[in-house]
Every structure is written in structure tokens, then in C-alpha cells.
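Note: the block below is model.tsv and it holds TSV, N, CA and C atoms.
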```tsv
chain	number	residue	atom	x	y	z
A	1	GLN	N	131.53	112.08	106.81
A	1	GLN	CA	131.05	113.33	106.22
A	1	GLN	C	129.80	113.04	105.39
A	2	VAL	N	128.77	113.84	105.67
A	2	VAL	CA	127.50	113.65	104.97
A	2	VAL	C	127.61	114.17	103.54
A	3	GLN	N	127.17	113.34	102.60
A	3	GLN	CA	127.09	113.78	101.21
A	3	GLN	C	125.73	113.42	100.66
A	4	LEU	N	125.11	114.38	100.01
A	4	LEU	CA	123.78	114.20	99.42
A	4	LEU	C	123.86	114.67	97.98
A	5	VAL	N	123.55	113.80	97.06
A	5	VAL	CA	123.65	114.14	95.64
A	5	VAL	C	122.30	113.94	94.99
A	6	GLU	N	121.68	115.05	94.61
A	6	GLU	CA	120.36	115.01	93.98
A	6	GLU	C	120.51	115.04	92.46
A	7	SER	N	119.58	114.39	91.78
A	7	SER	CA	119.59	114.37	90.32
A	7	SER	C	118.18	114.14	89.81
A	8	GLY	N	118.00	114.36	88.51
A	8	GLY	CA	116.73	114.04	87.88
A	8	GLY	C	115.86	115.24	87.53
A	9	GLY	N	116.29	116.43	87.89
A	9	GLY	CA	115.49	117.61	87.58
A	9	GLY	C	115.54	117.94	86.11
A	10	GLY	N	114.80	118.97	85.72
A	10	GLY	CA	114.79	119.39	84.33
A	10	GLY	C	113.66	120.34	84.05
A	11	LEU	N	113.46	120.59	82.77
A	11	LEU	CA	112.39	121.47	82.29
A	11	LEU	C	111.27	120.61	81.74
A	12	VAL	N	110.07	120.86	82.21
A	12	VAL	CA	108.93	120.06	81.80
A	12	VAL	C	107.71	120.98	81.66
A	13	GLN	N	106.80	120.60	80.79
A	13	GLN	CA	105.56	121.36	80.64
A	13	GLN	C	104.59	121.01	81.76
A	14	ALA	N	103.68	121.92	82.03
A	14	ALA	CA	102.66	121.66	83.04
A	14	ALA	C	101.92	120.36	82.69
A	15	GLY	N	101.69	119.56	83.71
A	15	GLY	CA	101.06	118.27	83.52
A	15	GLY	C	102.04	117.13	83.34
A	16	GLY	N	103.31	117.46	83.18
A	16	GLY	CA	104.32	116.44	82.97
A	16	GLY	C	104.82	115.82	84.25
A	17	SER	N	105.81	114.94	84.10
A	17	SER	CA	106.33	114.19	85.24
A	17	SER	C	107.85	114.21	85.24
A	18	LEU	N	108.39	114.07	86.44
A	18	LEU	CA	109.83	113.90	86.63
A	18	LEU	C	110.04	112.96	87.81
A	19	ARG	N	111.18	112.29	87.80
A	19	ARG	CA	111.55	111.45	88.94
A	19	ARG	C	112.91	111.90	89.45
A	20	LEU	N	112.93	112.33	90.68
A	20	LEU	CA	114.17	112.78	91.31
A	20	LEU	C	114.79	111.65	92.12
A	21	SER	N	116.11	111.67	92.20
A	21	SER	CA	116.85	110.71	93.01
A	21	SER	C	117.82	111.45	93.92
A	22	CYS	N	118.08	110.87	95.06
A	22	CYS	CA	119.06	111.45	95.98
A	22	CYS	C	119.87	110.31	96.59
A	23	ALA	N	121.16	110.32	96.31
A	23	ALA	CA	122.07	109.32	96.87
A	23	ALA	C	122.74	109.91	98.10
A	24	ALA	N	122.66	109.19	99.21
A	24	ALA	CA	123.19	109.69	100.48
A	24	ALA	C	124.36	108.83	100.94
A	25	SER	N	125.32	109.47	101.55
A	25	SER	CA	126.43	108.76	102.19
A	25	SER	C	126.84	109.52	103.44
A	26	GLY	N	127.52	108.82	104.33
A	26	GLY	CA	127.97	109.47	105.56
A	26	GLY	C	126.93	109.49	106.66
A	27	ILE	N	125.78	108.85	106.43
A	27	ILE	CA	124.75	108.73	107.46
A	27	ILE	C	124.30	107.29	107.51
A	28	PHE	N	123.70	106.92	108.64
A	28	PHE	CA	123.13	105.58	108.75
A	28	PHE	C	121.75	105.66	108.08
A	29	PHE	N	121.77	105.52	106.75
A	29	PHE	CA	120.61	105.84	105.93
A	29	PHE	C	119.35	105.12	106.38
A	30	SER	N	119.42	103.83	106.57
A	30	SER	CA	118.22	103.04	106.82
A	30	SER	C	117.54	103.41	108.13
A	31	ARG	N	118.24	104.07	109.03
A	31	ARG	CA	117.66	104.42	110.33
A	31	ARG	C	117.09	105.83	110.35
A	32	ASN	N	117.28	106.57	109.28
A	32	ASN	CA	116.86	107.97	109.27
A	32	ASN	C	115.59	108.20	108.47
A	33	VAL	N	114.76	109.11	108.97
A	33	VAL	CA	113.67	109.64	108.16
A	33	VAL	C	114.31	110.58	107.14
A	34	MET	N	113.94	110.40	105.89
A	34	MET	CA	114.51	111.23	104.82
A	34	MET	C	113.42	112.13	104.26
A	35	GLY	N	113.82	113.33	103.89
A	35	GLY	CA	112.86	114.28	103.36
A	35	GLY	C	113.32	114.88	102.04
A	36	TRP	N	112.32	115.24	101.24
A	36	TRP	CA	112.58	116.07	100.06
A	36	TRP	C	112.08	117.47	100.39
A	37	TYR	N	112.94	118.44	100.12
A	37	TYR	CA	112.64	119.83	100.37
A	37	TYR	C	112.74	120.58	99.05
A	38	ARG	N	112.15	121.76	99.00
A	38	ARG	CA	112.32	122.59	97.81
A	38	ARG	C	112.40	124.05	98.20
A	39	GLN	N	113.07	124.81	97.35
A	39	GLN	CA	113.18	126.24	97.57
A	39	GLN	C	112.95	126.96	96.26
A	40	ALA	N	111.87	127.72	96.22
A	40	ALA	CA	111.55	128.51	95.05
A	40	ALA	C	112.22	129.88	95.18
A	41	PRO	N	112.42	130.58	94.07
A	41	PRO	CA	113.06	131.89	94.11
A	41	PRO	C	112.33	132.84	95.06
A	42	GLY	N	113.08	133.45	95.96
A	42	GLY	CA	112.50	134.41	96.88
A	42	GLY	C	111.71	133.81	98.03
A	43	LYS	N	111.74	132.49	98.14
A	43	LYS	CA	110.97	131.84	99.21
A	43	LYS	C	111.89	131.00	100.08
A	44	SER	N	111.40	130.66	101.27
A	44	SER	CA	112.17	129.81	102.17
A	44	SER	C	112.09	128.36	101.72
A	45	ARG	N	113.07	127.59	102.15
A	45	ARG	CA	113.04	126.16	101.86
A	45	ARG	C	111.89	125.52	102.63
A	46	GLU	N	111.17	124.61	101.97
A	46	GLU	CA	110.02	123.95	102.59
A	46	GLU	C	110.10	122.45	102.38
A	47	LEU	N	109.53	121.73	103.32
A	47	LEU	CA	109.46	120.27	103.22
A	47	LEU	C	108.34	119.88	102.27
A	48	VAL	N	108.65	119.03	101.34
A	48	VAL	CA	107.66	118.57	100.36
A	48	VAL	C	107.10	117.21	100.78
A	49	ALA	N	107.97	116.32	101.20
A	49	ALA	CA	107.56	114.98	101.60
A	49	ALA	C	108.64	114.37	102.46
A	50	ARG	N	108.25	113.44	103.29
A	50	ARG	CA	109.23	112.71	104.08
A	50	ARG	C	108.82	111.25	104.11
A	51	ILE	N	109.79	110.39	104.41
A	51	ILE	CA	109.53	108.96	104.45
A	51	ILE	C	110.29	108.35	105.61
A	52	GLY	N	109.58	107.60	106.40
A	52	GLY	CA	110.18	106.97	107.56
A	52	GLY	C	111.10	105.83	107.19
A	53	SER	N	111.84	105.38	108.18
A	53	SER	CA	112.78	104.29	107.93
A	53	SER	C	112.07	103.03	107.45
A	54	GLY	N	110.82	102.87	107.86
A	54	GLY	CA	110.05	101.71	107.43
A	54	GLY	C	109.25	101.95	106.17
A	55	GLY	N	109.32	103.16	105.62
A	55	GLY	CA	108.67	103.44	104.35
A	55	GLY	C	107.37	104.21	104.43
A	56	THR	N	106.98	104.67	105.62
A	56	THR	CA	105.72	105.42	105.73
A	56	THR	C	105.93	106.84	105.23
A	57	PRO	N	105.13	107.26	104.22
A	57	PRO	CA	105.31	108.61	103.67
A	57	PRO	C	104.35	109.63	104.29
A	58	VAL	N	104.79	110.88	104.28
A	58	VAL	CA	103.95	112.01	104.68
A	58	VAL	C	104.20	113.11	103.66
A	59	TYR	N	103.10	113.76	103.20
A	59	TYR	CA	103.23	114.76	102.14
A	59	TYR	C	102.70	116.11	102.59
A	60	ALA	N	103.29	117.16	102.04
A	60	ALA	CA	102.73	118.49	102.19
A	60	ALA	C	101.43	118.54	101.40
A	61	ASP	N	100.49	119.35	101.88
A	61	ASP	CA	99.19	119.43	101.21
A	61	ASP	C	99.32	119.82	99.74
A	62	ALA	N	100.31	120.66	99.44
A	62	ALA	CA	100.45	121.17	98.08
A	62	ALA	C	100.79	120.09	97.06
A	63	VAL	N	101.32	118.97	97.52
A	63	VAL	CA	101.76	117.93	96.57
A	63	VAL	C	101.01	116.61	96.76
A	64	LYS	N	100.16	116.56	97.75
A	64	LYS	CA	99.45	115.32	98.05
A	64	LYS	C	98.65	114.86	96.85
A	65	GLY	N	98.78	113.58	96.52
A	65	GLY	CA	98.06	113.03	95.39
A	65	GLY	C	98.80	113.16	94.06
A	66	ARG	N	99.89	113.95	94.05
A	66	ARG	CA	100.65	114.14	92.81
A	66	ARG	C	102.08	113.61	92.93
A	67	PHE	N	102.65	113.70	94.11
A	67	PHE	CA	104.04	113.27	94.34
A	67	PHE	C	104.04	111.98	95.16
A	68	THR	N	105.05	111.15	94.88
A	68	THR	CA	105.24	109.92	95.65
A	68	THR	C	106.70	109.80	96.05
A	69	ILE	N	106.93	109.67	97.34
A	69	ILE	CA	108.28	109.49	97.85
A	69	ILE	C	108.51	108.02	98.14
A	70	SER	N	109.71	107.56	97.85
A	70	SER	CA	110.06	106.17	98.14
A	70	SER	C	111.55	106.10	98.46
A	71	ARG	N	111.97	104.95	98.93
A	71	ARG	CA	113.38	104.81	99.29
A	71	ARG	C	113.85	103.39	99.03
A	72	ASP	N	115.15	103.27	98.79
A	72	ASP	CA	115.78	101.96	98.64
A	72	ASP	C	116.95	101.94	99.61
A	73	ASN	N	116.76	101.28	100.74
A	73	ASN	CA	117.79	101.28	101.77
A	73	ASN	C	119.04	100.50	101.35
A	74	THR	N	118.90	99.61	100.35
A	74	THR	CA	120.07	98.88	99.87
A	74	THR	C	120.98	99.76	99.02
A	75	LYS	N	120.40	100.85	98.51
A	75	LYS	CA	121.17	101.77	97.67
A	75	LYS	C	121.39	103.13	98.33
A	76	ASN	N	120.93	103.27	99.57
A	76	ASN	CA	121.03	104.56	100.26
A	76	ASN	C	120.49	105.70	99.40
A	77	THR	N	119.34	105.45	98.79
A	77	THR	CA	118.76	106.40	97.84
A	77	THR	C	117.29	106.64	98.16
A	78	VAL	N	116.90	107.89	98.05
A	78	VAL	CA	115.51	108.27	98.20
A	78	VAL	C	115.04	108.90	96.89
A	79	TYR	N	113.80	108.64	96.53
A	79	TYR	CA	113.25	109.08	95.25
A	79	TYR	C	112.03	109.97	95.47
A	80	LEU	N	111.75	110.78	94.45
A	80	LEU	CA	110.52	111.57	94.46
A	80	LEU	C	109.94	111.52	93.05
A	81	GLN	N	108.85	110.79	92.91
A	81	GLN	CA	108.13	110.75	91.64
A	81	GLN	C	107.14	111.90	91.64
A	82	MET	N	107.24	112.77	90.66
A	82	MET	CA	106.41	113.96	90.60
A	82	MET	C	105.55	113.91	89.34
A	83	ASN	N	104.26	113.84	89.53
A	83	ASN	CA	103.30	113.80	88.41
A	83	ASN	C	102.44	115.05	88.43
A	84	SER	N	101.79	115.32	87.33
A	84	SER	CA	100.89	116.47	87.22
A	84	SER	C	101.57	117.74	87.70
A	85	LEU	N	102.78	117.95	87.24
A	85	LEU	CA	103.55	119.10	87.68
A	85	LEU	C	102.90	120.40	87.24
A	86	GLN	N	103.01	121.40	88.10
A	86	GLN	CA	102.43	122.71	87.86
A	86	GLN	C	103.53	123.77	87.96
A	87	PRO	N	103.33	124.93	87.36
A	87	PRO	CA	104.35	126.00	87.43
A	87	PRO	C	104.76	126.33	88.86
A	88	GLU	N	103.86	126.22	89.80
A	88	GLU	CA	104.19	126.53	91.20
A	88	GLU	C	105.10	125.50	91.83
A	89	ASP	N	105.36	124.40	91.14
A	89	ASP	CA	106.31	123.40	91.62
A	89	ASP	C	107.75	123.76	91.24
A	90	THR	N	107.91	124.81	90.45
A	90	THR	CA	109.24	125.25	90.05
A	90	THR	C	110.07	125.63	91.26
A	91	ALA	N	111.22	125.00	91.41
A	91	ALA	CA	112.08	125.21	92.57
A	91	ALA	C	113.34	124.38	92.42
A	92	VAL	N	114.28	124.61	93.31
A	92	VAL	CA	115.41	123.70	93.47
A	92	VAL	C	115.02	122.70	94.54
A	93	TYR	N	115.17	121.43	94.22
A	93	TYR	CA	114.77	120.36	95.13
A	93	TYR	C	116.01	119.74	95.78
A	94	TYR	N	115.89	119.53	97.09
A	94	TYR	CA	116.98	118.98	97.89
A	94	TYR	C	116.46	117.81	98.73
A	95	CYS	N	117.36	116.93	99.10
A	95	CYS	CA	117.00	115.92	100.08
A	95	CYS	C	117.88	116.11	101.31
A	96	ASN	N	117.40	115.62	102.44
A	96	ASN	CA	118.18	115.64	103.66
A	96	ASN	C	117.42	114.84	104.70
A	97	VAL	N	118.05	114.68	105.83
A	97	VAL	CA	117.44	113.99	106.95
A	97	VAL	C	116.33	114.90	107.50
A	98	TYR	N	115.28	114.27	108.02
A	98	TYR	CA	114.17	114.98	108.67
A	98	TYR	C	114.10	114.50	110.11
A	99	PRO	N	113.81	115.35	111.10
A	99	PRO	CA	113.53	116.77	111.00
A	99	PRO	C	114.76	117.66	111.09
A	100	LEU	N	115.90	117.08	111.45
A	100	LEU	CA	117.11	117.91	111.62
A	100	LEU	C	118.07	117.62	110.48
A	101	PRO	N	118.08	118.45	109.45
A	101	PRO	CA	119.00	118.24	108.34
A	101	PRO	C	120.44	118.11	108.80
A	102	ARG	N	121.20	117.26	108.14
A	102	ARG	CA	122.58	116.98	108.51
A	102	ARG	C	123.55	117.63	107.53
A	103	GLY	N	124.65	118.07	108.06
A	103	GLY	CA	125.74	118.55	107.23
A	103	GLY	C	125.32	119.70	106.32
A	104	SER	N	126.09	119.87	105.26
A	104	SER	CA	125.78	120.90	104.28
A	104	SER	C	124.76	120.35	103.29
A	105	TRP	N	123.90	121.22	102.81
A	105	TRP	CA	122.94	120.81	101.81
A	105	TRP	C	123.67	120.48	100.51
A	106	GLY	N	123.13	119.53	99.75
A	106	GLY	CA	123.68	119.21	98.44
A	106	GLY	C	123.44	120.35	97.48
A	107	GLN	N	123.82	120.13	96.23
A	107	GLN	CA	123.65	121.19	95.24
A	107	GLN	C	122.20	121.32	94.78
A	108	GLY	N	121.41	120.32	95.09
A	108	GLY	CA	120.02	120.33	94.67
A	108	GLY	C	119.88	120.03	93.19
A	109	THR	N	118.64	119.89	92.76
A	109	THR	CA	118.36	119.68	91.35
A	109	THR	C	117.21	120.61	90.95
A	110	GLN	N	117.41	121.33	89.87
A	110	GLN	CA	116.44	122.35	89.45
A	110	GLN	C	115.27	121.70	88.71
A	111	VAL	N	114.07	122.05	89.14
A	111	VAL	CA	112.85	121.64	88.45
A	111	VAL	C	112.16	122.91	87.96
A	112	THR	N	111.93	122.96	86.67
A	112	THR	CA	111.25	124.11	86.07
A	112	THR	C	110.05	123.61	85.29
A	113	VAL	N	108.88	124.14	85.64
A	113	VAL	CA	107.64	123.73	84.99
A	113	VAL	C	107.09	124.92	84.23
A	114	SER	N	106.96	124.75	82.93
A	114	SER	CA	106.44	125.82	82.10
A	114	SER	C	104.93	125.67	81.91
A	115	SER	N	104.26	126.80	81.77
A	115	SER	CA	102.79	126.76	81.62
A	115	SER	C	102.38	126.70	80.17
```
Let's see the structure in the file written out as C-alpha cells.
Amino acid sequence: QVQLVESGGGLVQAGGSLRLSCAASGIFFSRNVMGWYRQAPGKSRELVARIGSGGTPVYADAVKGRFTISRDNTKNTVYLQMNSLQPEDTAVYYCNVYPLPRGSWGQGTQVTVSS
């Protein structure tokens, strides 16, 4: 059974930073491309960044240069370092397999950026 547990969100002022973590179980983690997704109020869930099994990252244009995705295959964990946060980054952040998310989505972690 796939389990994804996100953590690290919070309330931060514009320009601040947060580091999100996602612990995965029930999947062959090291063989999967992992993604961070986000869903803002009233909007569809969107892919923010993904990282290949070998560590190659790809970013959405909206976060390029500000966010860094990384992974630790020994801990089955994927991270998202978010710098220079802006109010438009406010959303619930989730992780899952890319491109086909597995199982039920985790509870996500709320990121709120105040102006």
C-alpha cells in the first residue's frame, strides 16, 4: 500500500524559505521519478518539480531558480527547498510518483506566504 507523508509547510513572509519533506513507502522508491505538486484554492493540482531516479531535476517555469528538488533513496524521501517564496506560492503541497500518481494522495502540507 502506497503511503506518502508530507511535512515542513508553514506560514512565511514573502522572500522567506521553507524545506518540505515527503517520506514514501509501498513503492520501489529508487526506481521512480518523484514529483512535488501543489494545489492552490480554486485551482487544479499542478506539478511544481520532478526528479528522476538518478537525480535529474525538472522545474515548472513558475518556480525555476527559486525551488530545488532533491531525493535520498536510502531514506525513501524527496525534498523541496523553496526560497524567495511569493504569495502566489501559497498552496497545499503534495508529493507522488510522476507521471502517473500512485494510490491515494497524502494529506499534503500547507504553505502560506504572506505579503
Using only N, CA and C atoms - which residues lie no farther than 7 Å from the point (109.3, 108.4, 104.0) in the file's frame? Write them as a JSON list (two decimals) with N, CA and C atoms, keeping the file's coordinate frame.
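Saved to selection.json:
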```json
[["chain", "number", "residue", "atom", "x", "y", "z"],
["A", 33, "VAL", "N", 114.76, 109.11, 108.97],
["A", 33, "VAL", "CA", 113.67, 109.64, 108.16],
["A", 33, "VAL", "C", 114.31, 110.58, 107.14],
["A", 34, "MET", "N", 113.94, 110.40, 105.89],
["A", 34, "MET", "CA", 114.51, 111.23, 104.82],
["A", 34, "MET", "C", 113.42, 112.13, 104.26],
["A", 35, "GLY", "N", 113.82, 113.33, 103.89],
["A", 35, "GLY", "CA", 112.86, 114.28, 103.36],
["A", 35, "GLY", "C", 113.32, 114.88, 102.04],
["A", 49, "ALA", "N", 107.97, 116.32, 101.20],
["A", 49, "ALA", "CA", 107.56, 114.98, 101.60],
["A", 49, "ALA", "C", 108.64, 114.37, 102.46],
["A", 50, "ARG", "N", 108.25, 113.44, 103.29],
["A", 50, "ARG", "CA", 109.23, 112.71, 104.08],
["A", 50, "ARG", "C", 108.82, 111.25, 104.11],
["A", 51, "ILE", "N", 109.79, 110.39, 104.41],
["A", 51, "ILE", "CA", 109.53, 108.96, 104.45],
["A", 51, "ILE", "C", 110.29, 108.35, 105.61],
["A", 52, "GLY", "N", 109.58, 107.60, 106.40],
["A", 52, "GLY", "CA", 110.18, 106.97, 107.56],
["A", 52, "GLY", "C", 111.10, 105.83, 107.19],
["A", 53, "SER", "N", 111.84, 105.38, 108.18],
["A", 53, "SER", "CA", 112.78, 104.29, 107.93],
["A", 53, "SER", "C", 112.07, 103.03, 107.45],
["A", 54, "GLY", "N", 110.82, 102.87, 107.86],
["A", 54, "GLY", "CA", 110.05, 101.71, 107.43],
["A", 54, "GLY", "C", 109.25, 101.95, 106.17],
["A", 55, "GLY", "N", 109.32, 103.16, 105.62],
["A", 55, "GLY", "CA", 108.67, 103.44, 104.35],
["A", 55, "GLY", "C", 107.37, 104.21, 104.43],
["A", 56, "THR", "N", 106.98, 104.67, 105.62],
["A", 56, "THR", "CA", 105.72, 105.42, 105.73],
["A", 56, "THR", "C", 105.93, 106.84, 105.23],
["A", 57, "PRO", "N", 105.13, 107.26, 104.22],
["A", 57, "PRO", "CA", 105.31, 108.61, 103.67],
["A", 57, "PRO", "C", 104.35, 109.63, 104.29],
["A", 58, "VAL", "N", 104.79, 110.88, 104.28],
["A", 58, "VAL", "CA", 103.95, 112.01, 104.68],
["A", 58, "VAL", "C", 104.20, 113.11, 103.66],
["A", 69, "ILE", "N", 106.93, 109.67, 97.34],
["A", 69, "ILE", "CA", 108.28, 109.49, 97.85],
["A", 69, "ILE", "C", 108.51, 108.02, 98.14],
["A", 70, "SER", "N", 109.71, 107.56, 97.85],
["A", 70, "SER", "CA", 110.06, 106.17, 98.14],
["A", 70, "SER", "C", 111.55, 106.10, 98.46],
["A", 71, "ARG", "N", 111.97, 104.95, 98.93],
["A", 71, "ARG", "CA", 113.38, 104.81, 99.29],
["A", 71, "ARG", "C", 113.85, 103.39, 99.03]]
```
Which residue is closest to Arg31 in chain A? Choose from A:Tyr59, A:Ser84, A:Val2, A:Asn73 and count only C-alpha atoms.
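Closest candidate: A:Asn73.
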Could you give me, as a VMD selection string, the residues within 10 Å of Thr109 in chain A, counting only C-alpha atoms and dropping anything in the same chain fewer than 2 positions from it?
chain A and resid 5 to 10 20 to 22 38 91 to 95 106 to 107 111 to 112
May I ask for the distance between CA of Thr90 in chain A and CA of Ala60 in chain A, given in Å to one decimal place?
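So the two atoms, CA of Thr90 in chain A and CA of Ala60 in chain A, lie 15.3 Å apart.
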Of the candidates A:Gln13, A:Thr68, A:Asn32, A:Gln81, which one gets nearest to Asn96 in chain A if we count all atoms listed in the file?
A:Asn32
Measure the distance from atom N of Thr77 in chain A to atom N of Pro41 in chain A in Å and round it to one decimal.
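So the two atoms, atom N of Thr77 in chain A and atom N of Pro41 in chain A, lie 26.5 Å apart.
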Two-atom distance - atom C of Leu80 in chain A, atom N of Gln1 in chain A (Å):
25.6 Å
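On the backbone of this structure, DSSP gives helix (DSSP H, G or I) within range 12-93 of chain A to Phe29, Ser30, Arg31, Pro87, Glu88 and Asp89 of chain A.
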Could you write out that same residue set with N, CA and C atoms as a compact mmCIF listing (two decimals), in the frame of the given file?
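Full text of again22.txt as output:
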```txt
# COMPACT_ATOMS: atom_id res chain seq x y z
N PHE A 29 121.77 105.52 106.75
CA PHE A 29 120.61 105.84 105.93
C PHE A 29 119.35 105.12 106.38
N SER A 30 119.42 103.83 106.57
CA SER A 30 118.22 103.04 106.82
C SER A 30 117.54 103.41 108.13
N ARG A 31 118.24 104.07 109.03
CA ARG A 31 117.66 104.42 110.33
C ARG A 31 117.09 105.83 110.35
N PRO A 87 103.33 124.93 87.36
CA PRO A 87 104.35 126.00 87.43
C PRO A 87 104.76 126.33 88.86
N GLU A 88 103.86 126.22 89.80
CA GLU A 88 104.19 126.53 91.20
C GLU A 88 105.10 125.50 91.83
N ASP A 89 105.36 124.40 91.14
CA ASP A 89 106.31 123.40 91.62
C ASP A 89 107.75 123.76 91.24
```
Compile the contact shell of Val113 in chain A as a list in words: residues with an atom at most 8 Å away, counting only N, CA and C atoms, same-chain residues fewer than 6 positions apart removed.
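Answer for this query is Gly10, Leu11, Val12, Gln13, Ala14, Gly15, Gly16, Leu85, Gln86, Pro87, Glu88, Asp89, Thr90 and Ala91 of chain A.
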Using only N, CA and C atoms, please write the residues we just selected to a file, as a compact mmCIF listing (two decimals), in the coordinates of the input.
```txt
# COMPACT_ATOMS: atom_id res chain seq x y z
N GLY A 10 114.80 118.97 85.72
CA GLY A 10 114.79 119.39 84.33
C GLY A 10 113.66 120.34 84.05
N LEU A 11 113.46 120.59 82.77
CA LEU A 11 112.39 121.47 82.29
C LEU A 11 111.27 120.61 81.74
N VAL A 12 110.07 120.86 82.21
CA VAL A 12 108.93 120.06 81.80
C VAL A 12 107.71 120.98 81.66
N GLN A 13 106.80 120.60 80.79
CA GLN A 13 105.56 121.36 80.64
C GLN A 13 104.59 121.01 81.76
N ALA A 14 103.68 121.92 82.03
CA ALA A 14 102.66 121.66 83.04
C ALA A 14 101.92 120.36 82.69
N GLY A 15 101.69 119.56 83.71
CA GLY A 15 101.06 118.27 83.52
C GLY A 15 102.04 117.13 83.34
N GLY A 16 103.31 117.46 83.18
CA GLY A 16 104.32 116.44 82.97
C GLY A 16 104.82 115.82 84.25
N LEU A 85 102.78 117.95 87.24
CA LEU A 85 103.55 119.10 87.68
C LEU A 85 102.90 120.40 87.24
N GLN A 86 103.01 121.40 88.10
CA GLN A 86 102.43 122.71 87.86
C GLN A 86 103.53 123.77 87.96
N PRO A 87 103.33 124.93 87.36
CA PRO A 87 104.35 126.00 87.43
C PRO A 87 104.76 126.33 88.86
N GLU A 88 103.86 126.22 89.80
CA GLU A 88 104.19 126.53 91.20
C GLU A 88 105.10 125.50 91.83
N ASP A 89 105.36 124.40 91.14
CA ASP A 89 106.31 123.40 91.62
C ASP A 89 107.75 123.76 91.24
N THR A 90 107.91 124.81 90.45
CA THR A 90 109.24 125.25 90.05
C THR A 90 110.07 125.63 91.26
N ALA A 91 111.22 125.00 91.41
CA ALA A 91 112.08 125.21 92.57
C ALA A 91 113.34 124.38 92.42
```
Taking the DSSP secondary structure from the backbone, can you list the residues of chain A that are strand (DSSP E or B), as a ChimeraX atom specification?
/A:3-7,10-13,18-25,34-39,46-51,57-59,67-72,77-82,91-97,109-114
First collect every listed atom of range 6-9 of chain A; then fit an axis-aligned box around them, widen it by 6 Å on each side, and give centre and edge lengths in Å to one decimal, as AutoDock Vina command-line options.
```
--center_x 118.6 --center_y 116.0 --center_z 90.4 --size_x 18.2 --size_y 15.9 --size_z 20.5
```
